[in-house]
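The file model_9.pdb contains PDB, C-alpha atoms:
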```pdb
ATOM      1  CA  MET A   1      26.731   5.325  66.978
ATOM      2  CA  GLU A   2      30.135   6.852  67.571
ATOM      3  CA  ASP A   3      32.186   3.961  66.182
ATOM      4  CA  SER A   4      29.577   2.162  64.052
ATOM      5  CA  ILE A   5      27.074   2.660  61.276
ATOM      6  CA  PHE A   6      23.827   0.725  60.888
ATOM      7  CA  LEU A   7      22.398   0.068  57.434
ATOM      8  CA  SER A   8      18.694  -0.658  57.568
ATOM      9  CA  GLN A   9      15.884  -1.053  55.059
ATOM     10  CA  SER A  10      13.336  -2.140  57.675
ATOM     11  CA  LYS A  11      10.739   0.468  56.679
ATOM     12  CA  TYR A  12      11.044  -0.526  53.029
ATOM     13  CA  ALA A  13      10.870  -4.233  53.917
ATOM     14  CA  LYS A  14       7.708  -3.691  55.968
ATOM     15  CA  ASN A  15       6.167  -1.688  53.123
ATOM     16  CA  ILE A  16       6.730  -4.382  50.476
ATOM     17  CA  VAL A  17       5.466  -7.112  52.797
ATOM     18  CA  LYS A  18       2.324  -5.050  53.355
ATOM     19  CA  LYS A  19       2.010  -4.108  49.653
ATOM     20  CA  PHE A  20       2.007  -7.733  48.512
ATOM     21  CA  GLY A  21      -0.285  -8.984  51.279
ATOM     22  CA  THR A  22       2.017 -11.271  53.258
ATOM     23  CA  GLY A  23       2.073  -9.210  56.454
ATOM     24  CA  ASN A  24      -0.275 -11.508  58.376
ATOM     25  CA  ALA A  25       1.143 -14.761  56.988
ATOM     26  CA  SER A  26       3.219 -17.119  59.107
ATOM     27  CA  HIS A  27       6.943 -16.424  59.212
ATOM     28  CA  LYS A  28       9.316 -18.684  57.259
ATOM     29  CA  ARG A  29      12.703 -19.574  58.752
ATOM     30  CA  THR A  30      14.515 -19.630  55.383
ATOM     31  CA  PRO A  31      13.937 -17.724  52.129
ATOM     32  CA  ALA A  32      13.749 -20.967  50.120
ATOM     33  CA  PRO A  33      13.507 -24.680  50.859
ATOM     34  CA  THR A  34      16.843 -26.451  50.454
ATOM     35  CA  HIS A  35      15.403 -29.454  48.606
ATOM     36  CA  LEU A  36      13.418 -27.594  45.922
ATOM     37  CA  LYS A  37      14.875 -26.931  42.459
ATOM     38  CA  SER A  38      13.016 -24.291  40.473
ATOM     39  CA  SER A  39      12.210 -24.840  36.822
ATOM     40  CA  LYS A  40      10.256 -23.184  34.009
ATOM     41  CA  ASP A  41       7.189 -25.220  35.035
ATOM     42  CA  GLU A  42       5.870 -25.231  31.463
ATOM     43  CA  GLY A  43       2.711 -27.102  32.477
ATOM     44  CA  GLY A  44       1.866 -24.675  35.291
ATOM     45  CA  THR A  45      -0.766 -21.968  35.386
ATOM     46  CA  SER A  46       0.443 -18.522  34.309
ATOM     47  CA  VAL A  47       0.155 -15.543  36.662
ATOM     48  CA  ASP A  48       0.086 -11.763  36.187
ATOM     49  CA  GLN A  49       3.485 -10.854  34.763
ATOM     50  CA  SER A  50       3.419  -7.223  35.939
ATOM     51  CA  LEU A  51       2.648  -8.249  39.534
ATOM     52  CA  TYR A  52       5.448 -10.827  39.471
ATOM     53  CA  ARG A  53       7.928  -8.321  38.053
ATOM     54  CA  SER A  54       6.906  -5.763  40.655
ATOM     55  CA  MET A  55       7.519  -8.282  43.436
ATOM     56  CA  ILE A  56      10.914  -9.285  42.000
ATOM     57  CA  GLY A  57      11.967  -5.663  41.490
ATOM     58  CA  SER A  58      11.067  -4.794  45.067
ATOM     59  CA  LEU A  59      13.016  -7.766  46.406
ATOM     60  CA  LEU A  60      16.033  -7.034  44.188
ATOM     61  CA  TYR A  61      16.192  -3.539  45.671
ATOM     62  CA  LEU A  62      16.041  -5.071  49.141
ATOM     63  CA  THR A  63      19.099  -7.262  48.421
ATOM     64  CA  ALA A  64      21.207  -4.102  48.829
ATOM     65  CA  SER A  65      21.074  -4.720  52.588
ATOM     66  CA  ARG A  66      19.919  -8.368  52.704
ATOM     67  CA  PRO A  67      22.540 -10.743  51.307
ATOM     68  CA  ASP A  68      20.601 -13.667  52.788
ATOM     69  CA  ILE A  69      17.881 -13.355  50.134
ATOM     70  CA  ALA A  70      20.162 -12.680  47.133
ATOM     71  CA  PHE A  71      20.281 -16.290  45.920
ATOM     72  CA  ALA A  72      16.551 -17.001  46.291
ATOM     73  CA  VAL A  73      15.557 -13.718  44.634
ATOM     74  CA  GLY A  74      18.054 -14.310  41.812
ATOM     75  CA  VAL A  75      16.563 -17.721  41.083
ATOM     76  CA  CYS A  76      13.026 -16.306  41.022
ATOM     77  CA  ALA A  77      14.130 -13.434  38.778
ATOM     78  CA  ARG A  78      14.980 -15.955  36.047
ATOM     79  CA  TYR A  79      11.278 -16.616  35.431
ATOM     80  CA  GLN A  80       9.998 -13.066  34.855
ATOM     81  CA  ALA A  81       9.206 -13.723  31.189
ATOM     82  CA  GLU A  82       6.636 -16.452  31.930
ATOM     83  CA  PRO A  83       5.896 -16.631  35.665
ATOM     84  CA  LYS A  84       3.773 -19.523  36.906
ATOM     85  CA  VAL A  85       1.906 -20.174  40.162
ATOM     86  CA  SER A  86       4.885 -22.158  41.506
ATOM     87  CA  HIS A  87       7.157 -19.139  40.942
ATOM     88  CA  ILE A  88       4.861 -16.648  42.640
ATOM     89  CA  ASN A  89       4.491 -19.053  45.572
ATOM     90  CA  GLN A  90       8.282 -19.057  45.926
ATOM     91  CA  VAL A  91       8.360 -15.237  45.858
ATOM     92  CA  LYS A  92       5.636 -15.159  48.528
ATOM     93  CA  ARG A  93       7.784 -17.486  50.650
ATOM     94  CA  ILE A  94      10.659 -14.993  50.378
ATOM     95  CA  LEU A  95       8.286 -12.204  51.424
ATOM     96  CA  LYS A  96       7.141 -14.267  54.429
ATOM     97  CA  TYR A  97      10.792 -14.727  55.376
ATOM     98  CA  VAL A  98      11.422 -10.976  54.997
ATOM     99  CA  ASN A  99       8.366 -10.306  57.175
ATOM    100  CA  GLY A 100      10.067 -12.123  60.059
ATOM    101  CA  ILE A 101      13.390 -10.320  59.710
ATOM    102  CA  CYS A 102      12.250  -6.771  58.857
ATOM    103  CA  ASP A 103      14.127  -5.249  61.765
ATOM    104  CA  TYR A 104      17.502  -6.847  61.007
ATOM    105  CA  VAL A 105      20.279  -4.361  60.206
ATOM    106  CA  MET A 106      23.823  -4.494  58.903
ATOM    107  CA  LEU A 107      26.466  -3.144  61.268
ATOM    108  CA  TYR A 108      29.650  -1.524  59.998
ATOM    109  CA  SER A 109      32.358  -0.610  62.488
ATOM    110  CA  HIS A 110      35.733   0.988  61.902
ATOM    111  CA  GLY A 111      37.529  -0.393  64.939
ATOM    112  CA  CYS A 112      38.744  -3.632  63.342
ATOM    113  CA  GLU A 113      41.869  -4.394  61.325
ATOM    114  CA  PRO A 114      41.191  -3.729  57.607
ATOM    115  CA  ILE A 115      42.070  -7.114  56.115
ATOM    116  CA  LEU A 116      40.281  -7.953  52.858
ATOM    117  CA  PHE A 117      39.048 -11.535  52.460
ATOM    118  CA  GLY A 118      36.221 -13.438  50.813
ATOM    119  CA  TYR A 119      34.337 -16.707  50.528
ATOM    120  CA  CYS A 120      32.790 -18.360  47.506
ATOM    121  CA  ASP A 121      30.916 -21.508  46.565
ATOM    122  CA  ALA A 122      28.833 -22.983  43.765
ATOM    123  CA  ASP A 123      26.017 -25.457  43.388
ATOM    124  CA  TRP A 124      26.708 -27.977  40.671
ATOM    125  CA  ALA A 125      24.001 -28.150  37.979
ATOM    126  CA  GLY A 126      21.538 -26.309  40.208
ATOM    127  CA  SER A 127      19.285 -25.156  37.389
ATOM    128  CA  ALA A 128      16.819 -27.881  36.413
ATOM    129  CA  ASP A 129      16.219 -26.165  33.052
ATOM    130  CA  ASP A 130      19.729 -26.001  31.591
ATOM    131  CA  ARG A 131      21.921 -27.736  34.226
ATOM    132  CA  LYS A 132      24.018 -24.598  34.772
ATOM    133  CA  SER A 133      25.510 -23.910  38.188
ATOM    134  CA  THR A 134      25.130 -20.816  40.355
ATOM    135  CA  SER A 135      28.142 -19.061  41.881
ATOM    136  CA  GLY A 136      27.961 -17.096  45.090
ATOM    137  CA  GLY A 137      30.403 -15.103  47.136
ATOM    138  CA  CYS A 138      30.766 -12.611  49.942
ATOM    139  CA  PHE A 139      33.628 -10.276  50.786
ATOM    140  CA  PHE A 140      34.701  -8.705  54.047
ATOM    141  CA  LEU A 141      36.918  -5.804  55.023
ATOM    142  CA  GLY A 142      37.774  -6.738  58.585
ATOM    143  CA  ASN A 143      34.482  -7.775  60.175
ATOM    144  CA  ASN A 144      32.404  -5.735  57.735
ATOM    145  CA  LEU A 145      30.545  -7.386  54.857
ATOM    146  CA  ILE A 146      31.197  -5.059  51.926
ATOM    147  CA  SER A 147      30.096  -6.993  48.842
ATOM    148  CA  TRP A 148      28.179 -10.128  47.867
ATOM    149  CA  PHE A 149      26.849 -11.782  44.746
ATOM    150  CA  SER A 150      24.867 -14.733  43.452
ATOM    151  CA  LYS A 151      24.975 -15.363  39.716
ATOM    152  CA  LYS A 152      24.145 -18.158  37.321
ATOM    153  CA  GLN A 153      27.269 -19.351  35.528
ATOM    154  CA  ASN A 154      27.531 -18.828  31.752
ATOM    155  CA  CYS A 155      28.522 -22.400  30.919
ATOM    156  CA  VAL A 156      27.598 -25.925  31.984
ATOM    157  CA  SER A 157      30.127 -27.438  34.402
ATOM    158  CA  LEU A 158      30.952 -31.112  34.059
ATOM    159  CA  SER A 159      31.868 -31.557  37.739
ATOM    160  CA  THR A 160      31.531 -29.915  41.127
ATOM    161  CA  THR A 161      35.224 -29.036  40.964
ATOM    162  CA  GLU A 162      34.762 -27.173  37.687
ATOM    163  CA  ALA A 163      31.729 -25.288  39.052
ATOM    164  CA  LYS A 164      33.700 -24.262  42.146
ATOM    165  CA  TYR A 165      36.713 -23.260  40.026
ATOM    166  CA  ILE A 166      34.491 -20.951  37.951
ATOM    167  CA  ALA A 167      33.045 -19.511  41.181
ATOM    168  CA  ALA A 168      36.562 -18.899  42.508
ATOM    169  CA  GLY A 169      37.505 -17.078  39.301
ATOM    170  CA  SER A 170      34.429 -14.849  39.496
ATOM    171  CA  SER A 171      35.117 -14.171  43.158
ATOM    172  CA  CYS A 172      38.744 -13.219  42.498
ATOM    173  CA  SER A 173      37.596 -10.764  39.829
ATOM    174  CA  GLN A 174      35.098  -9.243  42.245
ATOM    175  CA  LEU A 175      37.636  -9.132  45.072
ATOM    176  CA  THR A 176      40.229  -7.451  42.884
TER     177      THR A 176
END
```

Written form, C-alpha cells:
Amino acid sequence: MEDSIFLSQSKYAKNIVKKFGTGNASHKRTPAPTHLKSSKDEGGTSVDQSLYRSMIGSLLYLTASRPDIAFAVGVCARYQAEPKVSHINQVKRILKYVNGICDYVMLYSHGCEPILFGYCDADWAGSADDRKSTSGGCFFLGNNLISWFSKKQNCVSLSTTEAKYIAAGSSCSQLT
C-alpha cells in the first residue's frame, strides 16, 4: 500500500502446517495452555529427535513475523536434546494454533509519530526443571512493533520482583 507495508509468512505457515500433518486438525485459540508447565518429562516416551528439531526449526523461523508464538516455541526448543511425547504434543498444539492464524500479517505504517517505547514482563520460576524465570519484551516505534524477545533468565530469581527487575534490565539493553 502507499503508506503501509505488510509482512506476511502465510505461505510458509501453511506449508509447515501441511508438512507436519496438522492441516486438518481442529484450531487452537492459544499456542499453549496457561496452566501447563513444561518439564524434561524424564519418565516419558522418547520421540524422533530429527523430526522434533525440524518442527522447532520451522517454528523458530516463523517467529520472525509471529511474536505471539515466540514464548511457546522457545519453551519447546529447550527440549531438543531429549524430546518426549509430551513435548511433541505441545509443538503440535502450536502448529494447530498457527493453522488458524496463517493469514495474519504484520502492518507497518509510516504515518505515526516515531516515539520509541517498550513493554516487558517475566514469569517467576516458570521452568519446572531448574526454577529459572523467563523474560519477555516487545518494542514499538510509534504504532509499529519492531522487536520482541522471550528468553530464559540465566539465574534463579528469589522473588517476582527480582525476576521482573532482570527482565527490565534485558529490555533496556535491547531497547538501547

Could you state the separation of atom CA of Ser159 of chain A and atom CA of Trp124 of chain A in Å, given to one decimal place?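 Calculated distance between atom CA of Ser159 of chain A and atom CA of Trp124 of chain A is 6.9 Å.
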
Considering all atoms listed in the file, state which residue in the set A:Tyr52, A:Tyr165, A:Phe149, A:Tyr61 is at the smallest distance from Tyr79 of chain A. A:Tyr52

Within 12 Å of (4.2, -5.4, 53.9) (file coordinates; only C-alpha atoms), which protein or nucleic acid residues are there? I'd like them as a compact mmCIF listing (two decimals) with C-alpha atoms, in the frame of the given file.
```txt
# COMPACT_ATOMS: atom_id res chain seq x y z
CA SER A 10 13.34 -2.14 57.68
CA LYS A 11 10.74 0.47 56.68
CA TYR A 12 11.04 -0.53 53.03
CA ALA A 13 10.87 -4.23 53.92
CA LYS A 14 7.71 -3.69 55.97
CA ASN A 15 6.17 -1.69 53.12
CA ILE A 16 6.73 -4.38 50.48
CA VAL A 17 5.47 -7.11 52.80
CA LYS A 18 2.32 -5.05 53.36
CA LYS A 19 2.01 -4.11 49.65
CA PHE A 20 2.01 -7.73 48.51
CA GLY A 21 -0.28 -8.98 51.28
CA THR A 22 2.02 -11.27 53.26
CA GLY A 23 2.07 -9.21 56.45
CA ASN A 24 -0.28 -11.51 58.38
CA ALA A 25 1.14 -14.76 56.99
CA MET A 55 7.52 -8.28 43.44
CA SER A 58 11.07 -4.79 45.07
CA LEU A 59 13.02 -7.77 46.41
CA LYS A 92 5.64 -15.16 48.53
CA LEU A 95 8.29 -12.20 51.42
CA LYS A 96 7.14 -14.27 54.43
CA TYR A 97 10.79 -14.73 55.38
CA VAL A 98 11.42 -10.98 55.00
CA ASN A 99 8.37 -10.31 57.18
CA GLY A 100 10.07 -12.12 60.06
CA ILE A 101 13.39 -10.32 59.71
CA CYS A 102 12.25 -6.77 58.86
```

Exactly which residues make up the result of the PyMOL selection byres ((chain A and resi 34-51) around 10) on this file, given as a ChimeraX atom specification? /A:20,30-33,52-57,72,75-76,78-88,90,126-130

Using Å and a single decimal, report how far atom CA of Asn154 of chain A sits from atom CA of Gly136 of chain A.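 So the answer is 13.5 Å.
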
Residues matched by the PyMOL selection byres ((chain A and resi 64) around 10), written as a PyMOL selection string: chain A and resi 7-9+59-63+65-67+69-70+147-148

Give me, please, the distance in Å between atom CA of Ser170 of chain A and atom CA of Asp121 of chain A, quoted to one decimal.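 Computing the Euclidean distance for atom CA of Ser170 of chain A and atom CA of Asp121 of chain A yields 10.3 Å.
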
Given the file shown, enumerate the residues that the PyMOL selection byres ((chain A and resi 160) around 12) captures and present them as an NGL selection string. :A and (121-126 or 132-135 or 156-159 or 161-167)

What's around Ser171 of chain A at 8 Å? Count all atoms listed in the file, leave out sequence neighbours fewer than 6 positions away in its own chain, and write the answer as a PDB file with C-alpha atoms, in the frame of the given file.
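Produced file around28.pdb, reproduced below:
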```pdb
ATOM      1  CA  GLY A 118      36.221 -13.438  50.813  1.00  0.00           C
ATOM      2  CA  TYR A 119      34.337 -16.707  50.528  1.00  0.00           C
ATOM      3  CA  CYS A 120      32.790 -18.360  47.506  1.00  0.00           C
ATOM      4  CA  GLY A 136      27.961 -17.096  45.090  1.00  0.00           C
ATOM      5  CA  GLY A 137      30.403 -15.103  47.136  1.00  0.00           C
TER       6      GLY A 137
END
```

Around all the atoms of segment 158-171 of chain A listed in the file, with 6 Å of room on each side, what axis-aligned box do you get, giving centre and edge lengths in Å to one decimal, as JSON?
```
{"center_x": 34.2, "center_y": -22.9, "center_z": 38.6, "size_x": 18.6, "size_y": 29.4, "size_z": 21.1}
```

Pick from A:Thr176, A:Asn89, A:Gln153, A:Asn144 nearest to Glu113 of chain A, counting all atoms listed in the file: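 Closest candidate: A:Asn144.
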
Given only C-alpha atoms as the counted atoms, nearest of A:His110, A:Lys152, A:Arg93, A:Lys28 to Ile5 of chain A: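 Closest residue, counting only C-alpha atoms: A:His110.
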